[in-house]
file data.txt (compact mmCIF, C-alpha atoms and all ligand atoms)
# COMPACT_ATOMS: atom_id res chain seq x y z
CA MET A 208 72.26 127.84 103.91
CA THR A 209 69.96 124.82 104.04
CA LEU A 210 69.78 123.01 100.77
CA THR A 211 67.05 120.79 99.52
CA SER A 212 68.04 117.32 98.37
CA ASP A 213 67.69 116.60 94.72
CA ALA A 214 67.89 112.90 94.01
CA THR A 215 68.05 113.32 90.24
CA THR A 216 71.29 114.24 88.52
CA LYS A 217 71.47 116.39 85.43
CA THR A 218 73.81 116.48 82.49
CA GLU A 219 75.69 119.74 82.40
CA PRO A 220 76.82 120.96 78.97
CA GLY A 221 80.49 121.92 79.09
CA GLN A 222 81.35 119.67 82.02
CA GLU A 223 81.66 116.44 79.99
CA GLY A 224 85.39 116.97 79.54
CA HIS A 225 86.14 116.50 83.24
CA ALA A 226 85.47 113.48 85.39
CA LEU A 227 85.19 115.82 88.36
CA THR A 228 85.00 119.55 88.97
CA ALA A 229 84.69 120.95 92.46
CA ALA A 230 84.78 124.60 93.45
CA PHE A 231 83.24 125.19 96.86
CA ILE A 232 83.60 126.61 100.33
CA ALA A 233 82.77 124.28 103.21
CA ARG A 234 82.63 125.34 106.83
CA HIS A 235 82.43 123.38 110.05
CA ARG A 236 80.39 124.82 112.89
CA ARG A 237 82.85 126.99 114.84
CA GLY A 238 85.53 125.73 112.44
CA PRO A 239 87.53 127.33 109.63
CA ALA A 240 86.29 127.84 106.05
CA ILE A 241 87.75 125.30 103.64
CA THR A 242 88.03 126.23 99.98
CA ALA A 243 88.31 123.58 97.27
CA ASP A 244 89.12 124.22 93.62
CA LEU A 245 89.73 120.93 91.85
CA THR A 246 89.39 119.28 88.46
CA LEU A 247 90.14 115.71 87.51
CA ASP A 248 90.02 113.99 84.13
CA ALA A 249 88.73 110.50 83.39
CA GLY A 250 90.93 107.70 84.67
CA GLN A 251 93.20 110.09 86.58
CA THR A 252 94.16 110.14 90.23
CA LEU A 253 94.21 113.40 92.17
CA ILE A 254 96.18 113.58 95.41
CA LEU A 255 95.08 115.93 98.19
CA PHE A 256 98.34 116.66 99.97
CA GLY A 257 99.13 118.94 102.87
CA PRO A 258 99.63 119.30 106.59
CA SER A 259 97.30 117.93 109.22
CA GLY A 260 94.15 119.98 109.80
CA GLY A 261 94.37 121.66 106.37
CA GLY A 262 90.96 120.43 105.23
CA LYS A 263 91.68 117.35 103.09
CA THR A 264 89.15 115.06 104.77
CA THR A 265 86.51 117.78 104.76
CA ILE A 266 86.95 118.16 100.98
CA LEU A 267 86.67 114.38 100.51
CA ARG A 268 83.53 114.27 102.66
CA ALA A 269 82.00 117.12 100.65
CA LEU A 270 82.70 115.26 97.39
CA ALA A 271 81.03 112.16 98.85
CA GLY A 272 77.96 114.09 100.01
CA LEU A 273 78.73 113.56 103.70
CA HIS A 274 79.29 117.28 104.34
CA ALA A 275 77.28 119.96 102.52
CA PRO A 276 79.41 122.93 101.44
CA ASP A 277 78.12 126.43 102.20
CA THR A 278 78.46 127.56 98.63
CA GLY A 279 79.83 126.37 95.30
CA ARG A 280 79.44 123.54 92.84
CA ILE A 281 80.48 119.91 92.37
CA THR A 282 80.00 117.99 89.12
CA CYS A 283 81.00 114.43 88.31
CA ALA A 284 80.98 112.95 84.80
CA GLY A 285 78.59 115.64 83.63
CA HIS A 286 76.18 115.30 86.56
CA THR A 287 75.68 118.07 89.09
CA TRP A 288 76.09 116.68 92.58
CA TYR A 289 75.98 119.97 94.42
CA ASP A 290 75.11 123.50 93.38
CA SER A 291 74.33 126.14 95.97
CA ALA A 292 72.86 128.40 93.25
CA THR A 293 70.17 125.87 92.27
CA ARG A 294 69.91 124.27 95.73
CA THR A 295 71.01 120.93 94.33
CA ASN A 296 72.51 118.45 96.77
CA VAL A 297 72.48 114.86 95.55
CA PRO A 298 72.54 112.53 98.57
CA VAL A 299 75.49 110.29 99.21
CA GLN A 300 73.80 107.05 98.13
CA LYS A 301 72.90 108.52 94.72
CA ARG A 302 76.35 109.89 93.92
CA GLY A 303 77.92 106.52 93.22
CA VAL A 304 81.17 107.06 95.10
CA GLY A 305 83.39 104.37 96.57
CA TYR A 306 84.70 105.76 99.87
CA LEU A 307 87.61 104.21 101.72
CA PHE A 308 87.77 105.64 105.23
CA GLN A 309 91.11 106.25 106.96
CA ASP A 310 90.47 103.46 109.51
CA TYR A 311 88.70 101.33 106.83
CA ALA A 312 85.44 101.29 108.91
CA LEU A 313 84.78 97.59 108.23
CA PHE A 314 82.03 95.82 110.19
CA PRO A 315 84.20 93.52 112.35
CA HIS A 316 81.40 91.06 113.19
CA LEU A 317 80.46 90.57 109.51
CA THR A 318 82.40 88.32 107.15
CA VAL A 319 84.79 89.70 104.57
CA ALA A 320 82.24 88.73 101.88
CA ALA A 321 79.41 90.55 103.67
CA ASN A 322 81.58 93.62 104.10
CA ILE A 323 82.53 93.68 100.41
CA THR A 324 78.95 93.25 99.20
CA TYR A 325 77.40 95.52 101.85
CA GLY A 326 76.55 98.24 99.31
CA MET A 327 74.97 95.64 96.98
CA ARG A 328 72.46 94.27 99.48
CA ARG A 329 69.58 95.06 97.13
CA ALA A 330 71.24 93.61 94.03
CA ARG A 331 70.35 90.14 92.71
CA ARG A 332 72.12 87.29 94.46
CA ASP A 333 73.82 85.96 91.28
CA HIS A 334 75.12 89.46 90.49
CA ARG A 335 76.48 89.77 94.04
CA THR A 336 78.15 86.37 93.82
CA ARG A 337 79.80 87.15 90.47
CA LYS A 338 80.95 90.55 91.67
CA LEU A 339 82.36 89.15 94.90
CA ALA A 340 84.34 86.49 93.01
CA LYS A 341 85.75 89.17 90.68
CA LEU A 342 86.80 91.43 93.56
CA VAL A 343 88.31 88.55 95.55
CA ASP A 344 90.40 87.80 92.45
CA LEU A 345 91.30 91.42 91.75
CA LEU A 346 92.38 92.12 95.31
CA ASN A 347 93.86 88.71 96.04
CA LEU A 348 91.52 87.89 98.93
CA HIS A 349 91.26 84.16 98.18
CA GLY A 350 90.33 82.04 101.19
CA LEU A 351 89.28 85.05 103.28
CA ALA A 352 85.65 85.57 102.18
CA GLY A 353 84.19 83.59 105.11
CA ARG A 354 86.47 85.07 107.76
CA LYS A 355 85.18 87.77 110.13
CA ALA A 356 86.54 91.17 109.07
CA GLY A 357 87.76 91.76 112.63
CA GLN A 358 90.08 88.77 112.27
CA VAL A 359 92.12 89.75 109.20
CA SER A 360 95.51 91.50 109.07
CA GLY A 361 95.92 95.23 108.44
CA GLY A 362 96.97 94.69 104.83
CA GLN A 363 94.07 92.32 104.23
CA ALA A 364 91.63 94.78 105.86
CA GLN A 365 92.90 97.50 103.52
CA ARG A 366 92.20 95.27 100.51
CA VAL A 367 88.75 94.33 101.85
CA ALA A 368 87.93 98.03 102.30
CA LEU A 369 89.10 98.74 98.76
CA ALA A 370 87.03 95.83 97.42
CA ARG A 371 83.99 97.25 99.24
CA ALA A 372 84.66 100.69 97.75
CA LEU A 373 84.83 99.15 94.25
CA ALA A 374 81.86 96.78 94.64
CA THR A 375 79.20 99.22 93.51
CA ASP A 376 81.06 100.24 90.30
CA PRO A 377 81.57 103.77 91.56
CA ARG A 378 81.91 106.79 89.29
CA LEU A 379 84.52 108.16 91.66
CA LEU A 380 86.82 106.60 94.26
CA LEU A 381 87.59 108.59 97.40
CA LEU A 382 90.44 107.16 99.47
CA ASP A 383 91.30 108.83 102.79
CA GLU A 384 94.90 107.96 103.71
CA PRO A 385 94.37 104.44 102.37
CA LEU A 386 97.72 103.10 103.58
CA SER A 387 98.21 104.96 106.85
CA ALA A 388 97.09 102.06 109.06
CA LEU A 389 99.80 99.78 107.67
CA ASP A 390 103.37 99.10 108.81
CA THR A 391 106.14 100.37 106.52
CA PRO A 392 107.00 97.16 104.56
CA THR A 393 103.30 96.32 104.01
CA ARG A 394 102.66 99.89 102.97
CA ALA A 395 105.40 99.78 100.34
CA ALA A 396 104.06 96.51 98.87
CA ILE A 397 100.42 97.61 98.88
CA ARG A 398 101.35 101.00 97.41
CA SER A 399 102.53 99.18 94.26
CA ASP A 400 99.40 96.96 94.26
CA LEU A 401 97.15 99.98 94.65
CA ARG A 402 98.88 101.82 91.81
CA ALA A 403 98.41 98.81 89.51
CA LEU A 404 94.79 98.43 90.62
CA LEU A 405 93.92 102.08 89.99
CA ARG A 406 95.43 101.83 86.50
CA GLU A 407 93.46 98.63 85.87
CA VAL A 408 90.02 99.77 87.03
CA GLY A 409 90.43 103.22 85.43
CA ILE A 410 88.01 104.90 87.85
CA PRO A 411 88.97 108.50 88.68
CA ALA A 412 90.18 108.68 92.26
CA VAL A 413 90.83 111.38 94.85
CA ILE A 414 93.33 110.23 97.46
CA VAL A 415 94.31 111.97 100.70
CA THR A 416 97.87 111.41 101.81
CA HIS A 417 100.69 113.05 103.80
CA GLU A 418 103.32 110.81 102.19
CA ARG A 419 105.51 112.01 99.33
CA ALA A 420 106.25 108.44 98.18
CA GLU A 421 102.52 107.71 97.98
CA THR A 422 101.93 110.93 96.08
CA TYR A 423 104.45 110.02 93.39
CA ALA A 424 103.34 106.38 93.25
CA LEU A 425 99.59 106.97 93.06
CA GLY A 426 98.99 110.46 91.74
CA ASP A 427 98.64 112.01 88.30
CA ARG A 428 97.76 115.40 89.73
CA LEU A 429 98.30 117.01 93.07
CA ALA A 430 96.27 119.62 94.93
CA LEU A 431 98.13 121.19 97.82
CA ILE A 432 95.76 121.99 100.69
CA VAL A 433 97.17 124.40 103.27
CA ASP A 434 95.23 126.16 106.02
CA GLY A 435 91.87 125.43 104.44
CA ALA A 436 92.75 126.53 100.91
CA THR A 437 93.67 124.79 97.65
CA THR A 438 96.92 126.69 97.20
CA GLN A 439 98.41 124.93 94.16
CA THR A 440 97.30 122.27 91.68
CA GLY A 441 99.05 120.57 88.78
CA PRO A 442 100.89 117.44 87.71
CA VAL A 443 102.50 115.80 90.77
CA ALA A 444 106.15 116.53 89.93
CA ASP A 445 105.41 120.13 88.89
CA VAL A 446 103.81 120.98 92.22
CA MET A 447 106.28 118.93 94.29
CA ASP A 448 109.31 120.65 92.71
CA HIS A 449 107.93 124.17 92.29
CA PRO A 450 106.22 125.54 95.39
CA ALA A 451 104.67 128.91 94.65
CA ASN A 452 105.37 130.48 98.03
CA LEU A 453 106.85 129.88 101.46
CA PRO A 454 103.83 128.14 103.07
CA ALA A 455 103.65 125.82 100.03
CA ALA A 456 107.38 125.02 100.33
CA ARG A 457 106.92 124.20 104.03
CA ALA A 458 103.89 122.03 103.29
CA LEU A 459 105.72 120.19 100.50
CA GLY A 460 108.56 119.30 102.86
CA PHE A 461 111.37 121.59 101.67
CA ASP A 462 113.76 121.13 104.60
CA ASN A 463 115.92 124.19 103.96
CA LEU A 464 114.40 127.65 103.72
CA LEU A 465 117.19 130.21 103.57
CA PRO A 466 116.49 133.96 103.80
CA ALA A 467 118.56 135.80 101.20
CA THR A 468 118.87 139.06 99.29
CA ALA A 469 119.08 139.27 95.51
CA THR A 470 122.26 141.25 94.71
CA ALA A 471 122.44 140.69 90.95
CA PRO A 472 120.56 138.60 88.37
CA ASP A 473 121.01 134.99 89.49
CA THR A 474 123.09 136.00 92.56
CA TYR A 475 121.82 135.80 96.11
CA GLN A 476 123.50 136.73 99.37
CA LEU A 477 122.68 134.72 102.48
CA ALA A 478 122.48 136.33 105.92
CA GLY A 479 126.10 135.41 106.68
CA GLY A 480 127.38 137.05 103.47
CA GLN A 481 127.86 133.85 101.43
CA GLN A 482 126.97 134.19 97.75
CA LEU A 483 124.88 131.67 95.84
CA HIS A 484 124.50 131.58 92.05
CA LEU A 485 121.21 130.03 91.05
CA PRO A 486 119.76 129.91 87.52
CA THR A 487 116.29 130.94 88.64
CA THR A 488 114.08 133.90 88.06
CA ARG A 489 114.29 136.43 90.83
CA ALA A 490 111.23 136.65 93.04
CA GLY A 491 112.05 140.10 94.48
CA LYS A 492 114.84 141.75 96.43
CA THR A 493 114.25 139.82 99.65
CA VAL A 494 113.77 136.15 98.93
CA THR A 495 113.78 132.70 100.47
CA ILE A 496 115.81 129.95 98.84
CA ALA A 497 114.04 126.62 99.29
CA ILE A 498 115.92 123.38 98.81
CA ARG A 499 115.28 119.80 99.84
CA ALA A 500 117.79 118.02 102.07
CA GLU A 501 118.46 115.38 99.39
CA HIS A 502 119.56 118.05 96.92
CA LEU A 503 122.54 119.03 99.07
CA ALA A 504 125.85 117.15 99.11
CA LEU A 505 128.30 117.00 101.99
CA GLN A 506 132.12 116.91 101.94
CA PRO A 507 134.65 117.01 104.80
CA HIS A 508 136.55 120.28 104.81
CA GLU A 509 140.10 120.62 106.09
CA SER A 510 140.47 123.67 108.31
CA GLY A 511 142.50 126.32 106.55
CA ASP A 512 141.32 125.25 103.07
CA ALA A 513 139.39 127.92 101.21
CA THR A 514 135.73 127.20 100.45
CA PRO A 515 135.29 126.97 96.66
CA ALA A 516 133.90 130.31 95.43
CA ASP A 517 131.70 128.56 92.84
CA GLY A 518 128.47 130.03 94.16
CA HIS A 519 127.12 126.58 95.04
CA THR A 520 129.20 125.67 98.08
CA LEU A 521 128.75 126.75 101.69
CA ALA A 522 130.99 126.03 104.69
CA GLY A 523 129.75 125.01 108.12
CA THR A 524 130.10 122.73 111.12
CA VAL A 525 128.20 119.49 111.76
CA THR A 526 125.93 119.71 114.78
CA ASP A 527 124.46 116.20 114.59
CA ALA A 528 124.02 113.27 112.22
CA THR A 529 121.13 110.81 112.45
CA PRO A 530 121.12 107.46 110.61
CA GLU A 531 117.92 106.81 108.65
CA GLY A 532 118.53 103.35 107.23
CA ARG A 533 120.50 103.82 104.04
CA LEU A 534 120.52 107.58 104.48
CA THR A 535 122.10 109.92 106.99
CA ARG A 536 120.37 113.15 108.01
CA THR A 537 123.05 115.66 108.97
CA ARG A 538 122.53 119.14 110.36
CA VAL A 539 125.18 121.72 109.55
CA ARG A 540 125.42 125.10 111.24
CA MET A 541 126.73 127.95 109.09
CA PRO A 542 128.69 130.87 110.54
CA ASP A 543 125.59 133.10 110.62
CA GLY A 544 123.78 130.54 112.81
CA THR A 545 121.54 129.20 110.00
CA THR A 546 121.19 125.41 110.04
CA LEU A 547 121.18 123.34 106.84
CA THR A 548 119.73 119.82 106.76
CA VAL A 549 121.45 117.41 104.38
CA LEU A 550 120.27 113.91 103.47
CA THR A 551 122.99 111.73 101.97
CA PRO A 552 123.35 108.02 101.16
CA ALA A 553 125.14 106.51 104.21
CA ARG A 554 127.47 104.45 102.00
CA ASP A 555 128.93 107.62 100.44
CA HIS A 556 130.93 108.60 103.50
CA THR A 557 131.88 107.74 107.05
CA PRO A 558 129.26 109.21 109.40
CA PRO A 559 129.83 112.94 109.88
CA GLN A 560 130.88 113.78 113.44
CA PRO A 561 129.50 116.67 115.51
CA GLY A 562 132.04 119.51 115.40
CA GLN A 563 133.44 118.39 112.04
CA ALA A 564 134.08 121.14 109.47
CA VAL A 565 132.27 120.41 106.20
CA THR A 566 131.22 122.02 102.96
CA VAL A 567 127.69 121.70 101.64
CA THR A 568 127.13 121.86 97.90
CA ILE A 569 123.76 122.89 96.51
CA ASP A 570 122.38 121.39 93.32
CA PRO A 571 121.45 124.75 91.72
CA ALA A 572 118.88 123.18 89.40
CA CYS A 573 116.87 122.02 92.41
CA ALA A 574 116.84 125.27 94.41
CA VAL A 575 113.65 127.35 94.25
CA VAL A 576 113.73 131.10 94.84
CA LEU A 577 110.55 132.32 96.53
CA PRO A 578 109.23 135.68 97.63
CA ALA A 579 110.23 136.12 101.27
N1 LIG A 601 83.31 117.82 112.66
C1 LIG A 601 84.02 118.92 112.77
N2 LIG A 601 83.59 119.99 113.47
C2 LIG A 601 84.31 121.13 113.57
N3 LIG A 601 85.51 121.30 113.00
C3 LIG A 601 86.02 120.27 112.30
C4 LIG A 601 85.31 119.03 112.14
N4 LIG A 601 86.08 118.20 111.38
C5 LIG A 601 87.19 118.89 111.08
N5 LIG A 601 87.15 120.12 111.62
C6 LIG A 601 88.18 121.18 111.50
O1 LIG A 601 88.31 121.48 110.12
C7 LIG A 601 89.68 121.63 109.77
C8 LIG A 601 90.04 120.68 108.67
O2 LIG A 601 89.97 119.34 109.17
P1 LIG A 601 90.20 118.09 108.22
O3 LIG A 601 89.98 116.86 109.03
O4 LIG A 601 89.41 118.27 106.99
O5 LIG A 601 91.75 118.27 107.88
P2 LIG A 601 92.78 117.21 107.25
O6 LIG A 601 93.63 118.01 106.31
O7 LIG A 601 92.04 116.05 106.68
O8 LIG A 601 93.60 116.76 108.54
P3 LIG A 601 94.33 115.34 108.82
O9 LIG A 601 95.42 115.25 107.80
O10 LIG A 601 94.85 115.53 110.21
O11 LIG A 601 93.29 114.25 108.71
C9 LIG A 601 90.48 121.47 111.06
O12 LIG A 601 90.70 122.74 111.61
C10 LIG A 601 89.55 120.66 111.92
O13 LIG A 601 89.79 120.93 113.29
call {"tool": "encode", "arguments": {"input": "data.txt", "output": "structure tokens"}}
result
Amino acid sequence: MTLTSDATTKTEPGQEGHALTAAFIARHRRGPAITADLTLDAGQTLILFGPSGGGKTTILRALAGLHAPDTGRITCAGHTWYDSATRTNVPVQKRGVGYLFQDYALFPHLTVAANITYGMRRARRDHRTRKLAKLVDLLNLHGLAGRKAGQVSGGQAQRVALARALATDPRLLLLDEPLSALDTPTRAAIRSDLRALLREVGIPAVIVTHERAETYALGDRLALIVDGATTQTGPVADVMDHPANLPAARALGFDNLLPATATAPDTYQLAGGQQLHLPTTRAGKTVTIAIRAEHLALQPHESGDATPADGHTLAGTVTDATPEGRLTRTRVRMPDGTTLTVLTPARDHTPPQPGQAVTVTIDPACAVVLPA
């Protein structure tokens, strides 16, 4: 459908409560349909999380007005930005969004100051000067304003891009993997700065990320985007800890997905016959038990000793152990051939050795039982 542009925005009764509502289907030529169903309240941050190719950037571009959905509706602070029913499609420059592109998209030959004030070219000079000074302060860019943007560090470029996104007092901030171009230590430092900044400016923000740490640090709400669909939304911890189904558990990074059969209320039998007792509601007869690697504990197991029949402990053999800084990622093969992945603090034990007999204890409160 071709939509006519409508440069005027209208107040929509009933939408004032939300900073943003978006329910649309967007399609790329020869590409998959991408369905968004999002709401965001004033001052909140919504994370779009999910595997590569799921549609996160497409959703962000549709919110910005850079990609017209096929059908649906987008409202921001009571204004309709897009409505296929009324052929409304407010152009990008009238939406008042601050967009931070994944690669920052700075103009390398322009100065930092010119980059930051690029969207304010038509504003009065004294307003531009005041705004620039405020943003330089806010984002700690002192001494860099006259430098060419192509000659600043990755962390500085990220802050310049954020300053540019904030310069026009946007109604909505859209940040596409804002920290992905940074090395790990810089990323950790800037993550904290960005969190503080978002709280300070109070502008609702939609942020694309693949990183769990970033999701917890920056997000109030999370929308899980898998295979072109918004599959789950809610407060960050709720969605992170409670995947609704197997694809969601995979997308949220649950390392262990164990096929099992429900044999009694709260009792599950794994393929190899081991019993697990989990205080969760049964999701059907055939289930998958999802558990993160960090919610398993590892103990050496003397051969001949019986495995505790507590319903939380499984016996197996270490296949490999990989150091990850202060953590060790150990893979344990159970008698039925299933492999468990366990992430433990390295200081808790001497490194497990391949071939070593171990027991793995599940934290039952952290296991999620899903329909198979
Ligand atoms: N310009 C385009 N033309 C055709 N198909 C596209 C275009 N851009 C993206 N797609 C397709 O749309 C789907 C969603 O892509 P999108 O970039 O939105 O995903 P994403 O979740 O942001 O991925 P990533 O995390 O890798 O950036 C993918 O299948 C992609 O190949």
call {"tool": "residues_around", "arguments": {"input": "data.txt", "residues": "stretch 275-279 of chain A", "least_positions_apart": "5", "cutoff": "8 Å", "atoms": "only C-alpha atoms", "output": "list in words"}}
result
Met208, Ala229, Ala230, Phe231, Ile232, Ala233, Arg234, Ala269, Tyr289, Asp290, Ser291, Ala292 and Asn296 of chain A
call {"tool": "residues_near_ligand", "arguments": {"input": "data.txt", "ligand": "ligand LIG 601 (chain A)", "cutoff": "6 Å", "atoms": "only C-alpha atoms and all ligand atoms", "output": "list in words"}}
result
His235, Arg236, Gly238, Pro239, Pro258, Ser259, Gly260, Gly261, Gly262, Lys263, Thr264 and Thr265 of chain A
call {"tool": "residues_around", "arguments": {"input": "data.txt", "residues": "A:Ala321", "least_positions_apart": "5", "cutoff": "12 Å", "atoms": "all atoms listed in the file", "output": "PyMOL selection string"}}
result
chain A and resi 313-316+326-328+335-336+339+351-356+367-368+370-371+374
call {"tool": "closest_residue", "arguments": {"input": "data.txt", "among": "A:Thr228, A:Pro515, A:Asp248, A:Phe308", "to": "A:Pro442", "atoms": "all atoms listed in the file"}}
result
A:Asp248
call {"tool": "residues_near_point", "arguments": {"input": "data.txt", "point": "(86.2, 104.2, 97.9)", "cutoff": "12 Å", "atoms": "all atoms listed in the file", "output": "PyMOL selection string"}}
result
chain A and resi 267-268+270-271+303-309+311-312+323+326+365-385+405+410-415
call {"tool": "closest_residue", "arguments": {"input": "data.txt", "among": "A:Leu459, A:Pro542, A:Pro558, A:Glu501", "to": "A:Thr529", "atoms": "all atoms listed in the file"}}
result
A:Pro558
call {"tool": "closest_residue", "arguments": {"input": "data.txt", "among": "A:Val525, A:Leu348, A:Leu227, A:Met541", "to": "A:Ala478", "atoms": "all atoms listed in the file"}}
result
A:Met541
call {"tool": "residues_around", "arguments": {"input": "data.txt", "residues": "A:Leu577", "least_positions_apart": "3", "cutoff": "9 Å", "atoms": "only C-alpha atoms", "output": "PyMOL selection string"}}
result
chain A and resi 450-453+456+489-491+493-497
call {"tool": "closest_residue", "arguments": {"input": "data.txt", "among": "A:Leu317, A:Ala388, A:Ala455, A:Val408", "to": "A:Ala436", "atoms": "all atoms listed in the file"}}
result
A:Ala455
call {"tool": "closest_residue", "arguments": {"input": "data.txt", "among": "A:Thr474, A:Thr535, A:Thr546, A:Thr551", "to": "A:Val576", "atoms": "all atoms listed in the file"}}
result
A:Thr474
call {"tool": "decode", "arguments": {"input": "data.txt", "residues": "stretch 454-467 of chain A", "atoms": "N, CA and C atoms", "output": "PDB file, in the first residue's frame"}}
result
ATOM      1  N   PRO A 454      11.226 -21.537  21.552  1.00  0.00           N
ATOM      2  CA  PRO A 454      11.987 -20.527  20.793  1.00  0.00           C
ATOM      3  C   PRO A 454      12.360 -19.315  21.655  1.00  0.00           C
ATOM      4  N   ALA A 455      11.462 -18.918  22.568  1.00  0.00           N
ATOM      5  CA  ALA A 455      11.763 -17.780  23.446  1.00  0.00           C
ATOM      6  C   ALA A 455      12.924 -18.139  24.377  1.00  0.00           C
ATOM      7  N   ALA A 456      12.916 -19.359  24.918  1.00  0.00           N
ATOM      8  CA  ALA A 456      14.004 -19.786  25.816  1.00  0.00           C
ATOM      9  C   ALA A 456      15.336 -19.777  25.073  1.00  0.00           C
ATOM     10  N   ARG A 457      15.329 -20.269  23.844  1.00  0.00           N
ATOM     11  CA  ARG A 457      16.562 -20.251  23.021  1.00  0.00           C
ATOM     12  C   ARG A 457      17.023 -18.816  22.825  1.00  0.00           C
ATOM     13  N   ALA A 458      16.078 -17.948  22.433  1.00  0.00           N
ATOM     14  CA  ALA A 458      16.437 -16.554  22.134  1.00  0.00           C
ATOM     15  C   ALA A 458      16.935 -15.824  23.376  1.00  0.00           C
ATOM     16  N   LEU A 459      16.434 -16.208  24.547  1.00  0.00           N
ATOM     17  CA  LEU A 459      16.837 -15.540  25.783  1.00  0.00           C
ATOM     18  C   LEU A 459      18.118 -16.129  26.365  1.00  0.00           C
ATOM     19  N   GLY A 460      18.686 -17.118  25.691  1.00  0.00           N
ATOM     20  CA  GLY A 460      19.987 -17.641  26.097  1.00  0.00           C
ATOM     21  C   GLY A 460      19.926 -18.694  27.193  1.00  0.00           C
ATOM     22  N   PHE A 461      18.821 -19.441  27.283  1.00  0.00           N
ATOM     23  CA  PHE A 461      18.804 -20.578  28.218  1.00  0.00           C
ATOM     24  C   PHE A 461      19.684 -21.673  27.613  1.00  0.00           C
ATOM     25  N   ASP A 462      20.788 -21.990  28.309  1.00  0.00           N
ATOM     26  CA  ASP A 462      21.800 -22.869  27.728  1.00  0.00           C
ATOM     27  C   ASP A 462      21.361 -24.327  27.739  1.00  0.00           C
ATOM     28  N   ASN A 463      20.519 -24.693  28.703  1.00  0.00           N
ATOM     29  CA  ASN A 463      20.142 -26.105  28.848  1.00  0.00           C
ATOM     30  C   ASN A 463      18.655 -26.269  28.582  1.00  0.00           C
ATOM     31  N   LEU A 464      18.349 -27.079  27.586  1.00  0.00           N
ATOM     32  CA  LEU A 464      16.957 -27.338  27.219  1.00  0.00           C
ATOM     33  C   LEU A 464      16.783 -28.851  27.210  1.00  0.00           C
ATOM     34  N   LEU A 465      16.204 -29.371  28.283  1.00  0.00           N
ATOM     35  CA  LEU A 465      16.191 -30.818  28.501  1.00  0.00           C
ATOM     36  C   LEU A 465      14.810 -31.402  28.224  1.00  0.00           C
ATOM     37  N   PRO A 466      14.704 -32.290  27.212  1.00  0.00           N
ATOM     38  CA  PRO A 466      13.404 -32.946  26.987  1.00  0.00           C
ATOM     39  C   PRO A 466      13.070 -33.830  28.189  1.00  0.00           C
ATOM     40  N   ALA A 467      11.818 -33.816  28.614  1.00  0.00           N
ATOM     41  CA  ALA A 467      11.414 -34.612  29.774  1.00  0.00           C
ATOM     42  C   ALA A 467       9.940 -34.974  29.665  1.00  0.00           C
TER      43      ALA A 467
END
